[in-house]
Every structure is written in C-alpha cells, then in structure tokens.
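Enquirer: Let me begin by handing over the structure; questions about it come next.
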Amino acid sequence: MIIALDGPAASGKGTLARKLAAHYGLPHLDTGLLYRATARTLMDGDARLDDVAKAVAAARGLALTDFEEDRLRGREMGEAASVVAAIPEVRAALIDMQRAFAQRPQGAVLDGRDIGTVIAPHATVKIFVTASAEARAQRRALELRGRGEAVDYHAILDDIKKRDARDSARADAPLKPAPDAKILDTTDLNVEGALAAALAITEAAIIRA
Ligand SMILES: Nc1ncnc2c1ncn2[C@@H]1O[C@H](COP(=O)(O)OP(=O)(O)O)[C@@H](O)[C@H]1O
Ligand SMILES: Nc1ccn([C@@H]2O[C@H](COP(=O)(O)OP(=O)(O)O)[C@@H](O)[C@H]2O)c(=O)n1
C-alpha cells in the first residue's frame, strides 16, 4: 500500500505521514527533506541557489540516510528549498529515489507536494492536507519557537504565503491536489482529529482497492 500525502507548508502532512506510517508499519519518506538538503548543500558550499549544475550535483549526491534534520528544519531552509524545487533538473534528479522508495515491497508513506500527481500517481491512498494560511503560520511559529528560533508570527505568515505562491505557480510539478485526492482541511482539527480523519480516508480507500 502506498499512501501519498501532499499539501502546503505546515498543513500537518508530515505529522500525519509519520502517524500513518507507524499505524500501518510502513516506511516513511518526508520528500521535503530532499529539497531542503539540496539547498543546504549549496549554501554550505557558498553556491547560488539558482546554479543549476551545482544544484543537480547536490541533489544527485544525497543519501536518504544522512539527513541532519536539525539543520534542515529551520525557517530559512523552507524558503531555500522552495527555490531549488522550482528547478526542473533538480526535480528530475530526485524522481528515481522517491519512486524507488514508493515501490518498496511492503509499501510506503510519502509526503510532499507532488506525490499523488508525479511520484506515485497510482498510490492506494491520496490525501491533500490543507489548512488556512493563518492556522499554518500559528503552527509553524510554535514549532520554530519550540526549536529555539525567535520568530514573528507575521513574518512566518508572509513566508508561508510567498512559498505557497511559488510552489503553486512553478511549471514543473506544482503544488495542487491530484484529481483523485481526498482534501483534508485541518484548520479546525487538532492532531488527533486530523489523524482520525486521515485514518477514515485510508480505510475507505483500502476497502475500495
Ligand atoms: N492538526 C494540527 N493541529 C495543530 N498543530 C498541528 C496539527 N498538525 C500538525 N501540527 C503541528 O504543526 C507543525 C507543522 O506540522 P507538520 O506536520 O510538520 O507540517 P508539514 O509537514 O505539512 O509542514 C508541527 O509543529 C506539528 O506538530
Ligand atoms: N515533494 C516535494 C516536497 C517539497 N518540495 C519543496 O520543498 C519545500 C520544503 O518542503 P517541506 O515539505 O519540507 O516544507 P514544509 O511543508 O514542511 O514547510 C517546499 O516549499 C517545496 O518547494 C517540493 O517541491 N516537492
């Protein structure tokens, strides 16, 4: 069984992906980390984020096992990831490893922006997780403060809106629900409520499959 979760920044897709993976005993890949790590490699090498050759080399050099999540989850890395993610050659360089992960014999849970549309269009379950920009900014601000970053809610809200616009407007694999995805709006749901809704969608898809 492949479970594909897509959605905008801080909608809760990663939280749901981890919980669904634990519930069904499936491996989980947070595909945003691939773009964050690609951007991190460029920044560590003082390269520009729009240097296509270096960005492709950085993407090809990634290993799924060596992510230093702490260095990738900060505020500036989400923004930088979205810049490299708009480069078609970078996306192309990352497709095979994501598809290979999705095709693991026991199944997999992947979360990102293009899982249901590009990486695993035949996924058993597709959920597009969303929430209002304000709710997402609140959550991201709380999360970043919890990690020790001094952040301002309004600045985070601006970041989120800018990133949504860039991710939705890009030509290659834009952020959008697959036609057969179920939309899960978590604005008024806490984590438990969102998980219950995601499990209900998943169980219904399993019965249909
Ligand atoms: N339904 C929810 N209600 C409140 N907070 C949530 C909810 N879902 C996730 N969160 C919190 O919001 C933050 C962002 O969630 P995350 O799953 O990382 O989002 P995404 O992967 O979509 O960027 C995390 O701190 C997480 O604990
Ligand atoms: N499958 C994916 C995953 C992430 N991304 C890009 O990577 C950026 C960071 O993704 P993320 O999932 O780590 O970010 P959050 O949603 O957790 O804030 C996004 O803004 C997208 O530009 C993508 O293009 N395709």
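Here's how to read the names in the structure tokens: chain A, B, ... by the order shown, residue numbers from 1 in each chain, ligand numbers from 1 in the order shown.
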At a cut-off of 7 Å, using only C-alpha atoms, what residues contact region 100-115 of chain A? Leave out same-chain residues fewer than 4 positions from it and give the result as a list of chain:residue names.
Expert: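 Contacts, with the query itself left out: A:Met1, A:Ile2, A:Ile3, A:Ala4, A:Leu5, A:Asp6, A:Gly7, A:Lys13, A:Gly14, A:Ala17, A:Ala21, A:Leu26, A:Pro27, A:His28, A:Leu29, A:Asp30, A:Thr31, A:Gly32, A:Asp96, A:Ile119, A:Ala120, A:Ala173, A:Leu175.
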Enquirer: Next, the residues of the selection above should be written as a short mmCIF file (atom, residue, chain, number, x, y, z; two decimals), in the first residue's frame with C-alpha atoms.
Expert:
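Produced file result.cif, reproduced below:
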```cif
data_model
loop_
_atom_site.label_atom_id
_atom_site.label_comp_id
_atom_site.auth_asym_id
_atom_site.auth_seq_id
_atom_site.Cartn_x
_atom_site.Cartn_y
_atom_site.Cartn_z
CA MET A 1 0.00 0.00 0.00
CA ILE A 2 1.31 3.46 -0.95
CA ILE A 3 -0.05 6.42 0.99
CA ALA A 4 0.57 9.80 -0.69
CA LEU A 5 0.17 12.96 1.38
CA ASP A 6 0.57 16.34 -0.26
CA GLY A 7 -0.18 19.86 0.83
CA LYS A 13 1.13 16.38 6.31
CA GLY A 14 4.43 15.33 7.92
CA ALA A 17 2.57 10.79 7.45
CA ALA A 21 3.39 5.04 8.83
CA LEU A 26 5.21 1.26 6.72
CA PRO A 27 8.44 3.14 5.96
CA HIS A 28 8.04 6.92 5.63
CA LEU A 29 9.84 9.42 3.39
CA ASP A 30 9.49 13.15 4.01
CA THR A 31 10.36 14.30 0.48
CA GLY A 32 10.67 17.95 1.54
CA ASP A 96 14.10 7.93 -9.19
CA ILE A 119 5.90 10.42 -7.83
CA ALA A 120 3.17 7.87 -7.11
CA ALA A 173 5.06 19.56 -10.58
CA LEU A 175 1.51 22.16 -5.63
#
```
Enquirer: If we count only C-alpha atoms and set the cut-off at 7 Å, which residues sit around region 47-56 of chain A, ignoring sequence neighbours fewer than 6 positions away in its own chain? Please answer as a list in words.
Expert: Thr38, Ala39, Val83, Val84, Glu89, Val90 and Ala93 of chain A
Enquirer: Mind dumping the selected residues with C-alpha atoms as a PDB file, in the first residue's frame?
Expert:
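Result went into again_8.pdb, see below:
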```pdb
ATOM      1  CA  THR A  38      19.862  20.049  -1.700  1.00  0.00           C
ATOM      2  CA  ALA A  39      19.553  23.716  -0.750  1.00  0.00           C
ATOM      3  CA  VAL A  83      13.761  27.953  -4.715  1.00  0.00           C
ATOM      4  CA  VAL A  84      15.740  24.830  -5.702  1.00  0.00           C
ATOM      5  CA  GLU A  89      16.531  19.497 -13.471  1.00  0.00           C
ATOM      6  CA  VAL A  90      16.659  19.233  -9.675  1.00  0.00           C
ATOM      7  CA  ALA A  93      17.398  14.247 -10.372  1.00  0.00           C
TER       8      ALA A  93
END
```
Enquirer: Can you pull out every residue within 12 Å of Arg147 (chain A), counting only C-alpha atoms, but drop anything in the same chain fewer than 3 positions away, and send it as a PyMOL selection string?
Expert: chain A and resi 69-75+140-144+150-151
Enquirer: Taking only C-alpha atoms and all ligand atoms into account, report as an MDAnalysis selection string which residues have an atom no farther than 6 Å from an atom of ligand 1.
Expert: chainID A and resid 9:15 139:140 143 186 189:191 194
Enquirer: With N, CA and C atoms kept, could you save the residues just selected as a PDB file, in the first residue's frame?
Expert:
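As a result, result.pdb now contains:
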```pdb
ATOM      1  N   ALA A   9       2.805  24.219   3.096  1.00  0.00           N
ATOM      2  CA  ALA A   9       3.672  24.276   4.276  1.00  0.00           C
ATOM      3  C   ALA A   9       2.867  24.279   5.569  1.00  0.00           C
ATOM      4  N   ALA A  10       3.302  23.446   6.508  1.00  0.00           N
ATOM      5  CA  ALA A  10       2.742  23.407   7.869  1.00  0.00           C
ATOM      6  C   ALA A  10       1.260  23.045   7.929  1.00  0.00           C
ATOM      7  N   SER A  11       0.791  22.321   6.919  1.00  0.00           N
ATOM      8  CA  SER A  11      -0.606  21.863   6.945  1.00  0.00           C
ATOM      9  C   SER A  11      -0.775  20.668   7.876  1.00  0.00           C
ATOM     10  N   GLY A  12       0.350  20.017   8.210  1.00  0.00           N
ATOM     11  CA  GLY A  12       0.295  18.848   9.092  1.00  0.00           C
ATOM     12  C   GLY A  12       0.533  17.536   8.362  1.00  0.00           C
ATOM     13  N   LYS A  13       0.953  17.623   7.091  1.00  0.00           N
ATOM     14  CA  LYS A  13       1.127  16.377   6.314  1.00  0.00           C
ATOM     15  C   LYS A  13       2.238  15.500   6.871  1.00  0.00           C
ATOM     16  N   GLY A  14       3.322  16.128   7.367  1.00  0.00           N
ATOM     17  CA  GLY A  14       4.433  15.333   7.916  1.00  0.00           C
ATOM     18  C   GLY A  14       4.011  14.605   9.185  1.00  0.00           C
ATOM     19  N   THR A  15       3.284  15.311  10.034  1.00  0.00           N
ATOM     20  CA  THR A  15       2.787  14.708  11.280  1.00  0.00           C
ATOM     21  C   THR A  15       1.880  13.520  10.946  1.00  0.00           C
ATOM     22  N   ARG A 139       0.971  27.393  13.651  1.00  0.00           N
ATOM     23  CA  ARG A 139       1.628  26.111  13.953  1.00  0.00           C
ATOM     24  C   ARG A 139       3.141  26.184  13.699  1.00  0.00           C
ATOM     25  N   ARG A 140       3.499  26.789  12.553  1.00  0.00           N
ATOM     26  CA  ARG A 140       4.930  26.841  12.222  1.00  0.00           C
ATOM     27  C   ARG A 140       5.662  27.736  13.216  1.00  0.00           C
ATOM     28  N   GLU A 143       6.169  25.784  16.315  1.00  0.00           N
ATOM     29  CA  GLU A 143       7.179  24.739  16.089  1.00  0.00           C
ATOM     30  C   GLU A 143       8.596  25.346  16.117  1.00  0.00           C
ATOM     31  N   THR A 186      -7.445  20.746   7.829  1.00  0.00           N
ATOM     32  CA  THR A 186      -7.180  20.550   9.259  1.00  0.00           C
ATOM     33  C   THR A 186      -7.288  21.853  10.067  1.00  0.00           C
ATOM     34  N   LEU A 189      -9.068  21.214  13.161  1.00  0.00           N
ATOM     35  CA  LEU A 189      -8.818  19.901  13.767  1.00  0.00           C
ATOM     36  C   LEU A 189      -7.505  19.932  14.535  1.00  0.00           C
ATOM     37  N   ASN A 190      -7.493  19.296  15.710  1.00  0.00           N
ATOM     38  CA  ASN A 190      -6.195  19.109  16.359  1.00  0.00           C
ATOM     39  C   ASN A 190      -5.535  17.859  15.749  1.00  0.00           C
ATOM     40  N   VAL A 191      -4.342  17.521  16.231  1.00  0.00           N
ATOM     41  CA  VAL A 191      -3.610  16.414  15.598  1.00  0.00           C
ATOM     42  C   VAL A 191      -4.431  15.120  15.677  1.00  0.00           C
ATOM     43  N   ALA A 194      -7.252  15.251  13.146  1.00  0.00           N
ATOM     44  CA  ALA A 194      -6.738  15.117  11.776  1.00  0.00           C
ATOM     45  C   ALA A 194      -6.347  13.662  11.501  1.00  0.00           C
TER      46      ALA A 194
END
```
Enquirer: Smallest atom-to-atom distance to ligand 2: which of A:Ala81, A:Ala57, A:Met43, A:Ala92, using only C-alpha atoms and all ligand atoms?
Expert: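 Comparing A:Ala81, A:Ala57, A:Met43, A:Ala92 against ligand 2, the winner is A:Ala81.
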Enquirer: For each of A:Arg99, A:Arg163, A:Lys126, A:His154, take the minimum atom-to-atom distance to Ala86 (chain A), counting only C-alpha atoms, then give the residue where this is smallest.
Expert: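 So, comparing all the options, the nearest one is A:Arg163.
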Enquirer: Write out as an mmCIF file with N, CA and C atoms, in the first residue's frame all residues of region 32-111 of chain A that backbone DSSP assigns to alpha helix (DSSP H).
Expert:
```
data_model
loop_
_atom_site.group_PDB
_atom_site.id
_atom_site.type_symbol
_atom_site.label_atom_id
_atom_site.label_comp_id
_atom_site.auth_asym_id
_atom_site.auth_seq_id
_atom_site.Cartn_x
_atom_site.Cartn_y
_atom_site.Cartn_z
ATOM 1 N N GLY A 32 10.207 16.573 1.389
ATOM 2 C CA GLY A 32 10.673 17.948 1.545
ATOM 3 C C GLY A 32 12.125 17.994 2.007
ATOM 4 N N LEU A 33 12.526 16.966 2.765
ATOM 5 C CA LEU A 33 13.916 16.937 3.245
ATOM 6 C C LEU A 33 14.899 16.853 2.081
ATOM 7 N N LEU A 34 14.492 16.223 0.971
ATOM 8 C CA LEU A 34 15.394 16.109 -0.182
ATOM 9 C C LEU A 34 15.696 17.497 -0.746
ATOM 10 N N TYR A 35 14.651 18.322 -0.842
ATOM 11 C CA TYR A 35 14.843 19.674 -1.384
ATOM 12 C C TYR A 35 15.562 20.561 -0.361
ATOM 13 N N ARG A 36 15.230 20.365 0.910
ATOM 14 C CA ARG A 36 15.926 21.127 1.950
ATOM 15 C C ARG A 36 17.412 20.771 1.970
ATOM 16 N N ALA A 37 17.728 19.482 1.848
ATOM 17 C CA ALA A 37 19.134 19.054 1.900
ATOM 18 C C ALA A 37 19.896 19.517 0.658
ATOM 19 N N THR A 38 19.214 19.544 -0.480
ATOM 20 C CA THR A 38 19.862 20.049 -1.700
ATOM 21 C C THR A 38 20.231 21.523 -1.510
ATOM 22 N N ALA A 39 19.292 22.291 -0.992
ATOM 23 C CA ALA A 39 19.553 23.716 -0.750
ATOM 24 C C ALA A 39 20.665 23.901 0.283
ATOM 25 N N ARG A 40 20.641 23.082 1.311
ATOM 26 C CA ARG A 40 21.661 23.166 2.377
ATOM 27 C C ARG A 40 23.065 22.940 1.811
ATOM 28 N N THR A 41 23.180 21.924 0.934
ATOM 29 C CA THR A 41 24.484 21.621 0.342
ATOM 30 C C THR A 41 24.993 22.825 -0.456
ATOM 31 N N LEU A 42 24.100 23.447 -1.218
ATOM 32 C CA LEU A 42 24.504 24.629 -1.999
ATOM 33 C C LEU A 42 24.948 25.752 -1.072
ATOM 34 N N MET A 43 24.172 25.979 -0.020
ATOM 35 C CA MET A 43 24.502 27.085 0.883
ATOM 36 C C MET A 43 25.811 26.807 1.619
ATOM 37 N N ASP A 44 26.018 25.556 2.016
ATOM 38 C CA ASP A 44 27.272 25.212 2.704
ATOM 39 C C ASP A 44 28.476 25.436 1.790
ATOM 40 N N VAL A 52 22.179 25.867 -11.574
ATOM 41 C CA VAL A 52 21.518 24.603 -11.937
ATOM 42 C C VAL A 52 22.487 23.425 -11.866
ATOM 43 N N ALA A 53 23.695 23.591 -12.408
ATOM 44 C CA ALA A 53 24.639 22.458 -12.437
ATOM 45 C C ALA A 53 24.991 22.029 -11.018
ATOM 46 N N LYS A 54 25.265 22.995 -10.158
ATOM 47 C CA LYS A 54 25.626 22.648 -8.769
ATOM 48 C C LYS A 54 24.428 22.077 -8.020
ATOM 49 N N ALA A 55 23.232 22.604 -8.308
ATOM 50 C CA ALA A 55 22.037 22.108 -7.624
ATOM 51 C C ALA A 55 21.765 20.652 -8.018
ATOM 52 N N VAL A 56 21.950 20.356 -9.297
ATOM 53 C CA VAL A 56 21.727 18.971 -9.748
ATOM 54 C C VAL A 56 22.763 18.047 -9.109
ATOM 55 N N ALA A 57 24.019 18.498 -9.066
ATOM 56 C CA ALA A 57 25.069 17.677 -8.441
ATOM 57 C C ALA A 57 24.741 17.440 -6.967
ATOM 58 N N ALA A 58 24.251 18.474 -6.289
ATOM 59 C CA ALA A 58 23.903 18.333 -4.867
ATOM 60 C C ALA A 58 22.751 17.348 -4.699
ATOM 61 N N ALA A 59 21.747 17.443 -5.576
ATOM 62 C CA ALA A 59 20.586 16.539 -5.483
ATOM 63 C C ALA A 59 21.026 15.097 -5.735
ATOM 64 N N ARG A 60 21.884 14.905 -6.750
ATOM 65 C CA ARG A 60 22.329 13.537 -7.074
ATOM 66 C C ARG A 60 23.170 12.945 -5.955
ATOM 67 N N GLU A 69 18.428 16.470 10.332
ATOM 68 C CA GLU A 69 17.142 17.169 10.306
ATOM 69 C C GLU A 69 17.183 18.514 11.012
ATOM 70 N N ASP A 70 17.953 18.593 12.084
ATOM 71 C CA ASP A 70 18.019 19.842 12.838
ATOM 72 C C ASP A 70 18.464 21.016 11.976
ATOM 73 N N ARG A 71 19.413 20.762 11.085
ATOM 74 C CA ARG A 71 19.936 21.838 10.232
ATOM 75 C C ARG A 71 19.010 22.103 9.047
ATOM 76 N N LEU A 72 18.044 21.222 8.828
ATOM 77 C CA LEU A 72 17.192 21.365 7.638
ATOM 78 C C LEU A 72 15.830 21.958 7.952
ATOM 79 N N ARG A 75 13.707 28.005 9.592
ATOM 80 C CA ARG A 75 12.861 28.847 8.753
ATOM 81 C C ARG A 75 13.471 29.110 7.373
ATOM 82 N N GLU A 76 14.760 29.473 7.344
ATOM 83 C CA GLU A 76 15.346 29.872 6.056
ATOM 84 C C GLU A 76 15.435 28.688 5.098
ATOM 85 N N MET A 77 15.497 27.466 5.623
ATOM 86 C CA MET A 77 15.668 26.319 4.731
ATOM 87 C C MET A 77 14.402 25.977 3.958
ATOM 88 N N GLY A 78 13.222 26.266 4.532
ATOM 89 C CA GLY A 78 11.971 26.016 3.808
ATOM 90 C C GLY A 78 11.924 26.898 2.562
ATOM 91 N N GLU A 79 12.302 28.140 2.757
ATOM 92 C CA GLU A 79 12.323 29.121 1.663
ATOM 93 C C GLU A 79 13.362 28.703 0.604
ATOM 94 N N ALA A 80 14.563 28.358 1.058
ATOM 95 C CA ALA A 80 15.630 27.977 0.124
ATOM 96 C C ALA A 80 15.245 26.700 -0.635
ATOM 97 N N ALA A 81 14.606 25.767 0.062
ATOM 98 C CA ALA A 81 14.189 24.508 -0.583
ATOM 99 C C ALA A 81 13.209 24.804 -1.708
ATOM 100 N N SER A 82 12.316 25.757 -1.473
ATOM 101 C CA SER A 82 11.304 26.049 -2.479
ATOM 102 C C SER A 82 11.926 26.694 -3.730
ATOM 103 N N VAL A 83 13.065 27.381 -3.550
ATOM 104 C CA VAL A 83 13.761 27.953 -4.715
ATOM 105 C C VAL A 83 14.392 26.830 -5.550
ATOM 106 N N VAL A 84 15.107 25.913 -4.908
ATOM 107 C CA VAL A 84 15.740 24.830 -5.702
ATOM 108 C C VAL A 84 14.674 23.877 -6.256
ATOM 109 N N PRO A 88 13.525 22.470 -12.755
ATOM 110 C CA PRO A 88 13.085 21.162 -13.265
ATOM 111 C C PRO A 88 14.180 20.096 -13.202
ATOM 112 N N GLU A 89 15.439 20.490 -13.476
ATOM 113 C CA GLU A 89 16.531 19.497 -13.471
ATOM 114 C C GLU A 89 16.759 18.921 -12.071
ATOM 115 N N VAL A 90 16.528 19.724 -11.052
ATOM 116 C CA VAL A 90 16.659 19.233 -9.675
ATOM 117 C C VAL A 90 15.555 18.216 -9.400
ATOM 118 N N ARG A 91 14.345 18.544 -9.802
ATOM 119 C CA ARG A 91 13.218 17.621 -9.582
ATOM 120 C C ARG A 91 13.492 16.302 -10.303
ATOM 121 N N ALA A 92 13.996 16.423 -11.551
ATOM 122 C CA ALA A 92 14.270 15.199 -12.335
ATOM 123 C C ALA A 92 15.310 14.336 -11.625
ATOM 124 N N ALA A 93 16.314 14.993 -11.038
ATOM 125 C CA ALA A 93 17.398 14.247 -10.372
ATOM 126 C C ALA A 93 16.895 13.502 -9.133
ATOM 127 N N LEU A 94 15.765 13.945 -8.579
ATOM 128 C CA LEU A 94 15.270 13.344 -7.326
ATOM 129 C C LEU A 94 14.123 12.355 -7.533
ATOM 130 N N ILE A 95 13.681 12.220 -8.777
ATOM 131 C CA ILE A 95 12.491 11.375 -9.018
ATOM 132 C C ILE A 95 12.773 9.898 -8.743
ATOM 133 N N ASP A 96 13.886 9.389 -9.274
ATOM 134 C CA ASP A 96 14.104 7.935 -9.186
ATOM 135 C C ASP A 96 14.159 7.443 -7.747
ATOM 136 N N MET A 97 14.863 8.187 -6.885
ATOM 137 C CA MET A 97 14.986 7.693 -5.494
ATOM 138 C C MET A 97 13.624 7.735 -4.782
ATOM 139 N N GLN A 98 12.808 8.723 -5.130
ATOM 140 C CA GLN A 98 11.478 8.779 -4.491
ATOM 141 C C GLN A 98 10.580 7.650 -5.007
ATOM 142 N N ARG A 99 10.658 7.403 -6.327
ATOM 143 C CA ARG A 99 9.817 6.311 -6.872
ATOM 144 C C ARG A 99 10.279 4.965 -6.335
ATOM 145 N N ALA A 100 11.596 4.802 -6.204
ATOM 146 C CA ALA A 100 12.116 3.530 -5.665
ATOM 147 C C ALA A 100 11.612 3.344 -4.238
ATOM 148 N N PHE A 101 11.608 4.421 -3.464
ATOM 149 C CA PHE A 101 11.109 4.325 -2.083
ATOM 150 C C PHE A 101 9.624 3.926 -2.095
ATOM 151 N N ALA A 102 8.863 4.567 -2.986
ATOM 152 C CA ALA A 102 7.414 4.285 -3.048
ATOM 153 C C ALA A 102 7.144 2.830 -3.435
#
```
